[in-house]
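Peer 1: Dropping in model.txt, which is compact mmCIF, C-alpha atoms:
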```
# COMPACT_ATOMS: atom_id res chain seq x y z
CA MET A 1 110.31 344.86 92.12
CA ASP A 2 112.82 343.12 89.82
CA THR A 3 113.18 339.51 90.94
CA PRO A 4 114.83 336.49 89.23
CA LYS A 5 111.32 335.37 88.25
CA THR A 6 110.39 338.66 86.59
CA ARG A 7 113.79 338.76 84.86
CA TRP A 8 113.09 335.27 83.38
CA ILE A 9 109.62 336.33 82.25
CA ARG A 10 111.09 339.40 80.58
CA TRP A 11 113.83 337.30 78.94
CA LEU A 12 111.37 334.72 77.58
CA ALA A 13 109.26 337.38 75.89
CA LEU A 14 109.04 337.01 72.11
CA PRO A 15 111.87 338.54 70.11
CA THR A 16 111.20 341.89 68.53
CA PRO A 17 110.80 342.07 64.74
CA GLU A 18 114.22 343.70 64.63
CA GLU A 19 115.77 340.71 66.44
CA GLY A 20 113.92 338.33 64.11
CA ARG A 21 115.30 340.12 61.07
CA MET A 22 118.79 339.96 62.54
CA ALA A 23 118.48 336.19 63.05
CA LEU A 24 117.28 335.83 59.45
CA LYS A 25 120.26 337.83 58.20
CA LEU A 26 122.64 335.60 60.15
CA ALA A 27 121.00 332.45 58.70
CA ALA A 28 121.30 333.94 55.20
CA CYS A 29 124.98 334.69 55.85
CA LEU A 30 125.50 331.05 56.85
CA LEU A 31 123.91 329.82 53.62
CA LEU A 32 125.86 332.38 51.57
CA ALA A 33 129.14 331.23 53.12
CA MET A 34 128.23 327.63 52.24
CA LEU A 35 127.36 328.69 48.69
CA LEU A 36 130.66 330.54 48.24
CA TYR A 37 132.61 327.64 49.65
CA LEU A 38 130.89 325.08 47.40
CA THR A 39 131.34 327.35 44.39
CA ASP A 40 135.05 327.50 45.14
CA ILE A 41 135.23 323.69 45.24
CA ALA A 42 133.11 323.33 42.07
CA VAL A 43 135.38 325.69 40.12
CA ARG A 44 138.71 324.37 41.42
CA PHE A 45 137.78 320.67 41.37
CA PRO A 46 135.09 320.21 38.70
CA GLN A 47 135.46 316.42 38.82
CA ASP A 48 134.78 316.07 42.53
CA MET A 49 132.03 313.51 42.36
CA PHE A 50 132.89 311.56 45.44
CA LEU A 51 132.04 314.01 48.18
CA TYR A 52 130.10 316.54 46.16
CA GLY A 53 127.63 314.24 44.51
CA ARG A 54 128.27 315.13 40.87
CA PHE A 55 127.23 311.68 39.79
CA MET B 1 112.96 366.83 74.52
CA ASN B 2 115.18 363.85 73.59
CA ALA B 3 113.74 360.96 71.50
CA PRO B 4 113.45 357.71 73.46
CA ALA B 5 116.52 355.52 72.99
CA ALA B 6 116.08 352.50 70.69
CA PRO B 7 115.91 349.26 72.70
CA ALA B 8 119.25 347.45 72.79
CA VAL B 9 119.60 344.45 70.48
CA ARG B 10 119.57 341.33 72.64
CA TRP B 11 122.18 339.07 71.00
CA PRO B 12 121.54 336.02 73.21
CA ARG B 13 117.93 336.16 72.05
CA ILE B 14 118.98 336.34 68.39
CA LEU B 15 121.38 333.45 68.86
CA GLY B 16 118.64 331.47 70.59
CA LEU B 17 116.26 332.21 67.73
CA LEU B 18 118.87 331.05 65.25
CA ILE B 19 119.46 327.81 67.13
CA LEU B 20 115.72 327.22 67.37
CA ALA B 21 115.32 327.78 63.62
CA LEU B 22 118.19 325.37 62.93
CA LEU B 23 116.64 322.73 65.18
CA LEU B 24 113.26 323.09 63.45
CA THR B 25 114.94 322.90 60.03
CA GLU B 26 116.83 319.81 61.15
CA LEU B 27 113.60 318.19 62.31
CA ALA B 28 111.88 318.99 59.00
CA ALA B 29 114.88 317.67 57.04
CA ARG B 30 114.91 314.42 59.01
CA ILE B 31 111.19 313.94 58.38
CA ALA B 32 111.76 314.62 54.68
CA PHE B 33 114.54 312.01 54.57
CA TRP B 34 112.36 309.49 56.33
CA VAL B 35 109.52 310.04 53.86
CA TRP B 36 111.91 309.89 50.90
CA SER B 37 113.96 306.82 51.82
CA GLY B 38 111.83 304.99 54.38
CA GLU B 39 114.66 305.13 56.91
CA SER B 40 116.18 307.73 59.20
CA TYR B 41 118.96 309.99 57.91
CA ARG B 42 122.45 308.57 58.22
CA ASN B 43 124.60 309.99 55.44
CA LEU B 44 124.28 311.17 51.85
CA ASP B 45 127.74 309.98 50.77
CA LEU B 46 127.51 307.09 48.33
CA TYR B 47 131.16 306.18 48.84
CA ARG B 48 133.94 305.91 51.40
CA TRP B 49 137.66 306.08 50.78
CA SER B 50 139.41 302.73 50.82
CA PRO B 51 143.11 301.84 50.98
CA TYR B 52 142.44 299.05 48.46
CA GLY B 53 140.87 300.29 45.26
CA LEU B 54 140.36 303.97 46.20
CA VAL B 55 136.68 303.85 47.18
CA ARG B 56 134.01 301.49 48.47
CA ASN B 57 130.25 301.84 48.76
CA ASN B 58 129.19 303.60 51.94
CA PRO B 59 127.13 301.29 54.16
CA GLN B 60 125.69 304.39 55.85
CA ALA B 61 124.34 305.88 52.62
CA THR B 62 120.73 307.04 52.93
CA SER B 63 119.03 306.35 49.61
CA ASN B 64 115.58 305.57 48.29
CA ALA B 65 117.06 303.24 45.66
CA PHE B 66 120.37 301.70 46.68
CA LYS B 67 120.80 299.64 49.82
CA ILE B 68 124.38 298.84 50.81
CA ASN B 69 125.14 296.20 53.43
CA PRO B 70 127.57 296.77 56.34
CA ASN B 71 130.37 295.19 54.26
CA GLY B 72 129.92 297.91 51.61
CA PHE B 73 128.42 295.37 49.17
CA ARG B 74 125.32 295.62 47.02
CA ASN B 75 123.76 292.85 49.11
CA LEU B 76 121.01 292.82 51.71
CA GLU B 77 122.59 290.11 53.86
CA THR B 78 125.81 290.69 55.80
CA PHE B 79 128.88 288.49 55.34
CA GLN B 80 131.81 287.58 57.58
CA PRO B 81 135.26 288.11 56.04
CA ARG B 82 136.25 284.67 57.32
CA LYS B 83 134.29 282.19 55.23
CA PRO B 84 131.99 280.04 57.41
CA PRO B 85 132.59 276.29 57.24
CA ASP B 86 130.81 274.33 54.53
CA THR B 87 130.17 277.44 52.47
CA TYR B 88 130.43 277.95 48.72
CA ARG B 89 131.43 281.59 48.26
CA VAL B 90 131.30 283.51 44.97
CA LEU B 91 132.92 286.94 44.87
CA MET B 92 131.77 289.31 42.12
CA LEU B 93 133.97 292.34 41.42
CA GLY B 94 133.36 295.11 38.91
CA GLY B 95 131.78 298.49 38.18
CA SER B 96 128.35 299.91 37.54
CA VAL B 97 127.07 297.06 35.34
CA LEU B 98 127.42 294.65 38.24
CA TYR B 99 126.24 297.34 40.69
CA ALA B 100 123.13 297.70 38.46
CA GLY B 101 123.54 301.42 37.93
CA LEU B 102 121.63 303.84 35.74
CA GLY B 103 123.05 306.61 33.56
CA GLY B 104 123.08 308.32 30.16
CA TRP B 105 119.67 308.70 28.53
CA TYR B 106 116.71 306.68 29.83
CA PRO B 107 112.95 307.30 29.97
CA PRO B 108 111.97 309.37 33.04
CA GLU B 109 109.68 306.66 34.40
CA THR B 110 112.56 304.14 34.57
CA ARG B 111 112.73 302.22 37.86
CA ARG B 112 116.19 301.72 39.34
CA VAL B 113 117.19 298.12 39.99
CA PRO B 114 116.91 297.42 43.74
CA THR B 115 119.62 295.61 45.69
CA SER B 116 117.44 292.48 45.86
CA GLU B 117 117.49 292.14 42.04
CA THR B 118 121.09 292.48 40.85
CA ILE B 119 122.92 289.68 39.04
CA ALA B 120 124.43 288.51 42.34
CA GLN B 121 121.07 287.93 44.01
CA HIS B 122 119.67 286.05 41.00
CA LEU B 123 122.81 283.95 40.82
CA ALA B 124 122.58 283.13 44.53
CA GLU B 125 118.95 281.99 44.10
CA ARG B 126 119.94 279.85 41.12
CA LEU B 127 122.81 278.20 42.99
CA ARG B 128 120.76 277.59 46.13
CA ALA B 129 118.15 275.79 44.02
CA ASP B 130 120.86 273.57 42.50
CA PRO B 131 121.00 270.11 44.17
CA ARG B 132 124.81 270.15 43.82
CA TRP B 133 124.95 272.65 46.68
CA ALA B 134 122.18 271.08 48.74
CA GLY B 135 123.02 271.26 52.43
CA ARG B 136 125.78 273.84 51.86
CA ARG B 137 125.60 277.53 52.52
CA VAL B 138 125.86 279.58 49.28
CA GLU B 139 127.08 283.19 49.33
CA VAL B 140 127.31 285.51 46.32
CA LEU B 141 129.04 288.76 47.26
CA ASN B 142 128.37 291.76 45.01
CA ALA B 143 131.43 293.94 45.66
CA ALA B 144 130.84 296.22 42.65
CA VAL B 145 131.75 299.90 42.91
CA ASN B 146 130.73 302.40 40.22
CA PHE B 147 133.57 303.61 37.93
CA ASN B 148 135.82 300.73 38.98
CA ARG B 149 138.43 299.97 36.35
CA ILE B 150 140.61 296.89 36.56
CA VAL B 151 143.16 299.08 38.39
CA GLU B 152 140.73 299.43 41.32
CA VAL B 153 139.29 295.91 40.98
CA SER B 154 142.72 294.25 41.10
CA GLY B 155 143.81 296.48 44.00
CA ALA B 156 140.71 295.55 46.00
CA TYR B 157 141.12 291.84 45.24
CA LEU B 158 144.85 291.56 45.87
CA GLY B 159 144.82 293.83 48.91
CA GLU B 160 141.74 292.54 50.66
CA PHE B 161 139.16 290.29 49.03
CA ILE B 162 141.56 287.46 48.29
CA ASN B 163 141.59 286.96 52.06
CA TRP B 164 137.82 286.45 52.07
CA ASP B 165 138.68 283.09 50.54
CA PRO B 166 136.13 282.92 47.70
CA ASP B 167 135.77 279.66 45.80
CA LEU B 168 135.08 281.57 42.60
CA VAL B 169 135.90 285.14 41.53
CA ILE B 170 133.89 286.70 38.68
CA VAL B 171 135.46 289.89 37.30
CA PHE B 172 133.12 292.39 35.66
CA GLY B 173 133.91 296.00 34.80
CA SER B 174 135.36 295.62 31.29
CA ALA B 175 133.33 298.59 30.02
CA ASN B 176 135.16 300.98 32.35
CA ASN B 177 138.44 300.06 30.65
CA PHE B 178 137.32 299.88 27.03
CA PHE B 179 134.83 302.58 26.26
CA HIS B 180 133.95 305.63 24.20
CA PRO B 181 136.06 307.27 22.88
CA PRO B 182 138.95 304.90 22.08
CA PRO B 183 142.38 305.77 23.49
CA GLU B 184 144.27 308.52 21.72
CA HIS B 185 147.70 310.03 21.69
CA GLY B 186 147.75 313.22 23.73
CA ASP B 187 149.66 316.40 23.00
CA GLY B 188 152.89 314.99 24.36
CA GLY B 189 152.46 311.59 22.66
CA GLN B 190 151.16 309.93 25.83
CA ILE B 191 148.15 307.63 25.71
CA VAL B 192 145.02 309.43 26.86
CA HIS B 193 142.42 307.09 28.25
CA SER B 194 141.00 305.36 31.23
CA LEU B 195 143.81 303.05 32.32
CA ALA B 196 146.56 305.54 31.55
CA SER B 197 144.91 308.39 33.47
CA PRO B 198 144.43 308.95 37.19
CA HIS B 199 141.06 307.95 38.62
CA VAL B 200 138.55 310.79 38.29
CA TRP B 201 138.49 311.12 42.08
CA ALA B 202 142.27 310.96 42.58
CA ALA B 203 142.62 314.76 42.88
CA GLU B 204 139.86 314.84 45.48
CA PHE B 205 141.48 312.05 47.48
CA ASP B 206 144.83 313.84 47.37
CA ARG B 207 143.29 317.08 48.63
CA ARG B 208 141.38 315.41 51.44
CA ALA B 209 144.20 313.13 52.55
CA ASN B 210 147.36 315.15 51.97
CA GLU B 211 146.58 318.88 51.93
CA HIS B 212 146.66 320.78 55.21
CA THR B 213 145.40 324.29 54.46
CA LEU B 214 142.76 326.62 55.81
CA MET B 215 140.44 325.55 53.00
CA THR B 216 140.84 321.86 53.81
CA LEU B 217 140.15 322.68 57.47
CA LEU B 218 136.93 324.43 56.40
CA GLU B 219 136.12 321.46 54.19
CA THR B 220 136.49 319.09 57.11
CA ALA B 221 134.22 321.28 59.23
CA HIS B 222 131.67 321.44 56.43
CA LEU B 223 131.73 317.69 55.81
CA THR B 224 131.44 316.99 59.52
CA ALA B 225 128.35 319.21 59.71
CA ARG B 226 126.92 317.42 56.70
CA HIS B 227 127.65 314.06 58.28
CA TYR B 228 125.69 314.81 61.45
CA SER B 229 123.04 317.19 60.18
CA ALA B 230 120.34 316.24 57.68
CA ALA B 231 119.60 319.96 57.18
CA ALA B 232 123.24 320.67 56.29
CA ALA B 233 123.21 317.68 53.90
CA LEU B 234 120.06 318.97 52.19
CA ALA B 235 121.44 322.52 51.97
CA HIS B 236 124.63 321.11 50.49
CA LYS B 237 122.71 319.06 47.93
CA PHE B 238 120.51 321.92 46.75
CA LEU B 239 123.34 324.46 46.67
CA SER B 240 125.57 322.04 44.70
CA LYS B 241 122.79 321.48 42.18
CA ALA B 242 122.28 325.25 41.89
CA ILE B 243 126.00 325.82 41.34
CA ASP B 244 126.19 323.11 38.69
CA ALA B 245 123.14 324.57 36.94
CA ALA B 246 124.71 328.05 37.06
CA LEU B 247 128.01 326.76 35.64
CA ALA B 248 126.17 324.88 32.87
CA LEU B 249 124.17 328.02 32.06
CA SER B 250 127.31 330.16 31.88
CA GLU B 251 128.83 327.54 29.55
CA ARG B 252 125.78 327.73 27.27
CA LEU B 253 125.77 331.52 27.23
CA ARG B 254 129.48 331.76 26.50
CA VAL B 255 130.01 333.78 23.33
CA ARG B 256 133.56 332.73 22.46
CA THR B 257 136.54 331.11 24.06
CA VAL B 258 139.66 333.13 24.62
CA PRO B 259 142.61 330.76 25.00
CA LEU B 260 144.54 331.80 28.09
CA ASP B 261 147.51 329.51 27.51
CA GLY B 262 148.27 330.22 23.88
CA PRO B 263 146.85 328.32 20.91
CA ALA B 264 144.75 325.21 21.48
CA PRO B 265 146.69 321.91 21.34
CA PRO B 266 146.40 319.89 18.13
CA PRO B 267 143.61 317.33 18.08
CA ALA B 268 144.52 313.95 19.57
CA GLN B 269 145.43 311.19 17.14
CA PRO B 270 143.95 307.66 17.12
CA LEU B 271 146.27 305.01 18.48
CA SER B 272 148.62 303.07 16.27
CA ASP B 273 148.33 299.28 16.41
CA ALA B 274 151.41 299.06 18.62
CA ALA B 275 150.04 301.65 21.02
CA PHE B 276 146.67 299.88 21.04
CA ASP B 277 148.37 296.61 22.00
CA ARG B 278 150.21 298.45 24.73
CA TYR B 279 146.90 299.75 26.04
CA VAL B 280 145.33 296.29 26.14
CA ASP B 281 148.55 295.07 27.78
CA ASP B 282 147.93 297.55 30.60
CA TYR B 283 144.57 295.86 31.22
CA LEU B 284 146.04 292.38 30.92
CA ALA B 285 148.86 293.18 33.36
CA HIS B 286 146.27 293.67 36.10
CA ALA B 287 144.30 290.61 34.94
CA ASP B 288 147.51 288.52 35.00
CA ALA B 289 148.22 289.60 38.57
CA MET B 290 144.71 288.60 39.65
CA ILE B 291 144.94 285.22 37.88
CA ALA B 292 148.34 284.47 39.44
CA ALA B 293 147.12 285.37 42.92
CA ALA B 294 143.88 283.38 42.49
CA ARG B 295 145.86 280.30 41.39
CA ARG B 296 148.22 280.67 44.32
CA ARG B 297 145.24 280.67 46.69
CA GLN B 298 143.35 277.98 44.75
CA GLN B 299 140.48 280.27 43.83
CA LYS B 300 138.85 279.85 40.44
CA ILE B 301 138.62 283.07 38.43
CA VAL B 302 136.65 284.04 35.30
CA PHE B 303 136.10 287.34 33.51
CA PHE B 304 132.89 288.74 32.01
CA TRP B 305 132.61 291.06 28.99
CA GLU B 306 130.20 293.99 29.22
CA TYR B 307 128.73 295.23 25.93
CA PHE B 308 127.48 298.73 25.33
CA LEU B 309 123.97 298.65 23.91
CA ALA B 310 125.21 300.53 20.84
CA HIS B 311 127.67 297.70 20.11
CA VAL B 312 125.12 294.87 20.19
CA ALA B 313 122.16 296.87 18.85
CA PRO B 314 122.78 295.98 15.17
CA ALA B 315 122.69 292.25 16.04
CA LYS B 316 120.18 292.08 18.92
CA PRO B 317 116.45 291.59 18.34
CA MET B 318 114.78 294.44 20.21
CA GLY B 319 111.35 295.65 21.21
CA ALA B 320 110.25 299.27 20.94
CA ALA B 321 111.56 300.29 24.39
CA GLU B 322 115.06 298.91 23.86
CA ALA B 323 115.20 300.29 20.31
CA LEU B 324 114.34 303.73 21.73
CA LEU B 325 117.21 303.40 24.21
CA ALA B 326 119.56 302.41 21.39
CA ARG B 327 118.51 305.44 19.31
CA HIS B 328 119.07 307.86 22.18
CA ASN B 329 122.43 306.38 23.18
CA GLN B 330 124.15 306.24 19.82
CA SER B 331 127.11 308.35 20.89
CA HIS B 332 128.94 305.14 21.81
CA ALA B 333 128.41 303.67 18.38
CA THR B 334 130.93 305.31 16.09
CA ALA B 335 132.78 302.87 13.87
CA SER B 336 136.06 303.45 15.68
CA ASP B 337 134.46 302.88 19.12
CA ARG B 338 132.95 299.62 18.03
CA GLU B 339 136.10 298.46 16.25
CA PHE B 340 138.26 299.33 19.23
CA THR B 341 136.00 297.64 21.76
CA LEU B 342 135.51 294.40 19.84
CA ARG B 343 139.19 294.19 18.97
CA ALA B 344 140.07 294.66 22.62
CA ARG B 345 137.54 291.95 23.56
CA ASP B 346 139.06 289.45 21.11
CA ARG B 347 142.61 290.08 22.32
CA VAL B 348 141.57 289.83 26.00
CA ALA B 349 139.71 286.56 25.26
CA ARG B 350 142.74 285.11 23.44
CA GLU B 351 145.20 286.10 26.16
CA LEU B 352 142.99 284.77 28.96
CA ALA B 353 142.33 281.53 27.08
CA ALA B 354 146.10 281.04 26.71
CA GLN B 355 146.20 280.93 30.51
CA GLY B 356 143.23 278.61 30.78
CA VAL B 357 140.91 281.35 32.04
CA GLU B 358 137.49 281.90 30.50
CA LEU B 359 136.17 285.23 29.29
CA ILE B 360 132.42 284.84 29.51
CA ASP B 361 131.17 286.63 26.44
CA PRO B 362 127.35 286.96 26.46
CA TRP B 363 127.21 287.87 22.74
CA PRO B 364 125.50 284.62 21.57
CA GLU B 365 122.79 284.83 24.25
CA LEU B 366 122.32 288.60 23.89
CA THR B 367 121.92 288.49 20.13
CA ALA B 368 119.36 285.67 20.38
CA TRP B 369 117.28 287.25 23.18
CA PRO B 370 114.33 289.39 21.98
CA LYS B 371 113.30 290.66 25.42
CA GLN B 372 114.67 293.86 26.94
CA VAL B 373 118.01 293.52 28.70
CA TYR B 374 119.30 297.11 28.78
CA ILE B 375 117.99 299.86 31.05
CA ASP B 376 120.21 302.55 29.48
CA TYR B 377 123.34 302.71 27.27
CA LEU B 378 125.15 299.97 29.26
CA HIS B 379 123.38 298.73 32.38
CA TYR B 380 120.68 296.09 32.67
CA THR B 381 117.06 296.11 33.80
CA ALA B 382 116.00 293.88 36.72
CA GLU B 383 114.98 291.27 34.13
CA GLY B 384 118.28 291.87 32.30
CA ASN B 385 120.14 291.17 35.56
CA GLU B 386 118.25 287.90 35.89
CA PHE B 387 119.04 287.06 32.26
CA MET B 388 122.77 287.68 32.78
CA ALA B 389 122.74 285.61 35.99
CA GLU B 390 121.32 282.74 33.94
CA VAL B 391 124.04 283.22 31.30
CA LEU B 392 126.71 283.04 34.01
CA TYR B 393 125.12 280.02 35.66
CA ARG B 394 124.95 278.05 32.41
CA ARG B 395 128.48 278.95 31.35
CA ILE B 396 130.26 278.42 34.66
CA TRP B 397 128.41 275.49 36.16
```
Would you give me this structure, written as structure tokens?
Peer 2:
Amino acid sequence: MDTPKTRWIRWLALPTPEEGRMALKLAACLLLAMLLYLTDIAVRFPQDMFLYGRF
Amino acid sequence: MNAPAAPAVRWPRILGLLILALLLTELAARIAFWVWSGESYRNLDLYRWSPYGLVRNNPQATSNAFKINPNGFRNLETFQPRKPPDTYRVLMLGGSVLYAGLGGWYPPETRRVPTSETIAQHLAERLRADPRWAGRRVEVLNAAVNFNRIVEVSGAYLGEFINWDPDLVIVFGSANNFFHPPPEHGDGGQIVHSLASPHVWAAEFDRRANEHTLMTLLETAHLTARHYSAAAALAHKFLSKAIDAALALSERLRVRTVPLDGPAPPPAQPLSDAAFDRYVDDYLAHADAMIAAARRRQQKIVFFWEYFLAHVAPAKPMGAAEALLARHNQSHATASDREFTLRARDRVARELAAQGVELIDPWPELTAWPKQVYIDYLHYTAEGNEFMAEVLYRRIW
């Protein structure tokens, strides 16, 4: 019988490899967005040493 | 018979996994910062914006080398803006020489000068040992900020530090106004050099303070994440380094330059004597303002001249280590650089002397001192900081 307890146990089960890969892809997307954003700043403001540590 | 349906992707689980990974990364980053700097992560920014002089040192900066006090000074002790009674207060203003920075070429094993060993700390020790100040509190404030020209130094002094009521103001930072290469006439005849150009961070300040676009909104979000998260700060640092390396690589691999805006402008011309005088006048205008304000508030003021190693190298006795530094940092030593710098020094000394203000010129001591003073092309070793503190002490007191 499906009870709140069994539902929790099912929910806490380890993620599947597919779900793990999806989480990795999302993390990579986050890093890629940061990379693109910083590249944009580096190209448009090459002398930004204050916030971007080029010092 | 139908194939069994693929299990549905559980997005809350994926999100939870992502958050867990971020938390673990954050924990690892904070441990790494603690191991690296000996303190918990606060911030990687070395500077903060300031209404008086553009930027100040960030007291929250996490660093394994530079400690900044809560006032933003290169001091370990904290000071009150209102001078305590019975206190002799010395305010030191300037750029990276006073900050005890490190740049250009230097041997990889070079040790950065810690906050406890800059000129200000040595000077404070010297003054406290002097019976003339026995029973009085002595404070030596090191308010140096890297890249400070006299434009920023005078702004900081007139706008804020004059109200800290120092008994003596020592102005460093000459090298950031008179340096390689000498001023030139630009394409439109304007003077191209430090004092006549915006601060290198002016564009960044303008974007952060005055632009209201989607990109600046993203930038604020990004910087906020970096402020609170050690992992975001580390990711930022590594990605920035990677981008800079990639840009440098693309520059090296470039085959030829195609001018996009027509032919290249003609090469800049060296300054005429009249234009040179005008340039030094720009420096002196700020110095005059500081002197006038100091007199009005009954604060003594002196200036200090910073020599590039290349400019004193022909006259200074040097050991092998300092001679190696001089050889590797010769780019500041062209005849026109040296001529420009020394001529500027002489005119500044004359103009200050005419007002009864001393320019402390360490040339005689430097050229008689065989031990190492320089740590790179301009800045001093810990021993060099102590040596310069002694020069100041003997000349001023």
Peer 1: Starting from 3 Å padding per side, set up an axis-aligned box that covers all listed atoms of range 134-148 of chain B and hand over centre and edge lengths in Å, one decimal, as lines of an AutoDock Vina configuration file.
Peer 2:
```
center_x = 129.0
center_y = 287.3
center_z = 45.2
size_x = 19.6
size_y = 38.5
size_z = 20.6
```
Peer 1: Can you tell me how far CA of Gln372 in chain B sits from CA of Val169 in chain B, in Å to one decimal?
Peer 2: 27.2 Å
Peer 1: Which residues come within 8 Å of range 115-127 of chain B, counting only C-alpha atoms, excluding same-chain residues fewer than 2 positions away, as a ChimeraX atom specification?
Peer 2: /B:66-68,74-76,92,98-100,113,129-130,133,138-142,382,385-386,388-390,392-393
Peer 1: Which residues of chain B have any atom within 8 Å of an atom in chain A when counting only C-alpha atoms, and what is the closest pair of atoms for each, with the distance in Å to one decimal? Order the rows by chain and rising number and write it as CSV.
Peer 2:
```
residue,atom,partner,partner_atom,distance
B:Val9,CA,A:Glu19,CA,6.7
B:Arg10,CA,A:Glu19,CA,7.3
B:Arg13,CA,A:Pro15,CA,6.8
B:Ile14,CA,A:Ala23,CA,5.4
B:Leu15,CA,A:Ala23,CA,7.0
B:Leu17,CA,A:Ala23,CA,6.5
B:Leu18,CA,A:Ala23,CA,5.6
B:Asp45,CA,A:Leu51,CA,6.4
B:Leu46,CA,A:Phe50,CA,7.6
B:Tyr47,CA,A:Phe50,CA,6.6
B:Val200,CA,A:Gln47,CA,6.4
B:Trp201,CA,A:Asp48,CA,6.2
B:Ala203,CA,A:Phe45,CA,7.8
B:Glu204,CA,A:Asp48,CA,6.0
B:Ala235,CA,A:Leu31,CA,7.9
B:His236,CA,A:Met34,CA,7.7
B:Lys237,CA,A:Gly53,CA,7.7
B:Leu239,CA,A:Leu35,CA,6.2
B:Ser240,CA,A:Leu38,CA,6.7
B:Ile243,CA,A:Thr39,CA,6.3
B:Asp244,CA,A:Ala42,CA,7.7
```
Peer 1: So how far away is CA of Val151 in chain B from CA of Asp376 in chain B, in Å?
Peer 2: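 So the two atoms, CA of Asp376 in chain B and CA of Val151 in chain B, lie 24.9 Å apart.
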Peer 1: Quick one: of B:Tyr374, B:Trp34, B:Trp305, B:Trp49, who's nearest to Asp206 in chain B, counting only C-alpha atoms?
Peer 2: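 Using only C-alpha atoms, the shortest distance to Asp206 in chain B belongs to B:Trp49.
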Peer 1: Rounded to one decimal place, report the CA of Phe161 in chain B-CA of Tyr52 in chain B distance in Å.
Peer 2: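 Result for CA of Phe161 in chain B versus CA of Tyr52 in chain B: 9.4 Å, one decimal.
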Peer 1: Here is a test: counting all atoms listed in the file, which residue of B:Ala368, B:Leu217, B:Val280, B:Ala285 is nearest to Arg347 in chain B?
Peer 2: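 Using all atoms listed in the file, Arg347 in chain B sits closest to B:Val280.
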Peer 1: Between B:Ala326, B:Thr87, B:Phe276, B:Gly103, which has the minimum distance to Ala134 in chain B (counting all atoms listed in the file)?
Peer 2: B:Thr87
Peer 1: Please provide the set of residues having any atom within 7 Å of Gly53 in chain B, restricted to all atoms listed in the file, with same-chain residues fewer than 6 positions apart removed, written as a ChimeraX atom specification.
Peer 2: /B:152-153,155-156
Peer 1: Excluding Glu365 in chain B and its own-chain neighbours fewer than 5 positions away, which residues fall within 12 Å of it when counting only C-alpha atoms? Please give them as a PyMOL selection string.
Peer 2: chain B and resi 312+315-317+360+370-371+373+384+387-392+394-395
Peer 1: Need to verify the contact set: Gly38 in chain B, 12 Å, only C-alpha atoms, exclusion of same-chain residues closer than 5 positions in sequence. Can you return it as a ChimeraX atom specification?
Peer 2: /B:30-33,62-67
Peer 1: Give me the residues within 9 Å of Arg345 in chain B as a ChimeraX atom specification, counting only C-alpha atoms and dropping any in the same chain fewer than 3 places off.
Peer 2: /B:174,178,305,340-342,348-350,359,361
Peer 1: Write out the residues from the selection above, keeping C-alpha atoms, as a compact mmCIF listing (two decimals), in the frame of the given file.
Peer 2:
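The resulting file, result23.txt, is reproduced below:
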```txt
# COMPACT_ATOMS: atom_id res chain seq x y z
CA SER B 174 135.36 295.62 31.29
CA PHE B 178 137.32 299.88 27.03
CA TRP B 305 132.61 291.06 28.99
CA PHE B 340 138.26 299.33 19.23
CA THR B 341 136.00 297.64 21.76
CA LEU B 342 135.51 294.40 19.84
CA VAL B 348 141.57 289.83 26.00
CA ALA B 349 139.71 286.56 25.26
CA ARG B 350 142.74 285.11 23.44
CA LEU B 359 136.17 285.23 29.29
CA ASP B 361 131.17 286.63 26.44
```
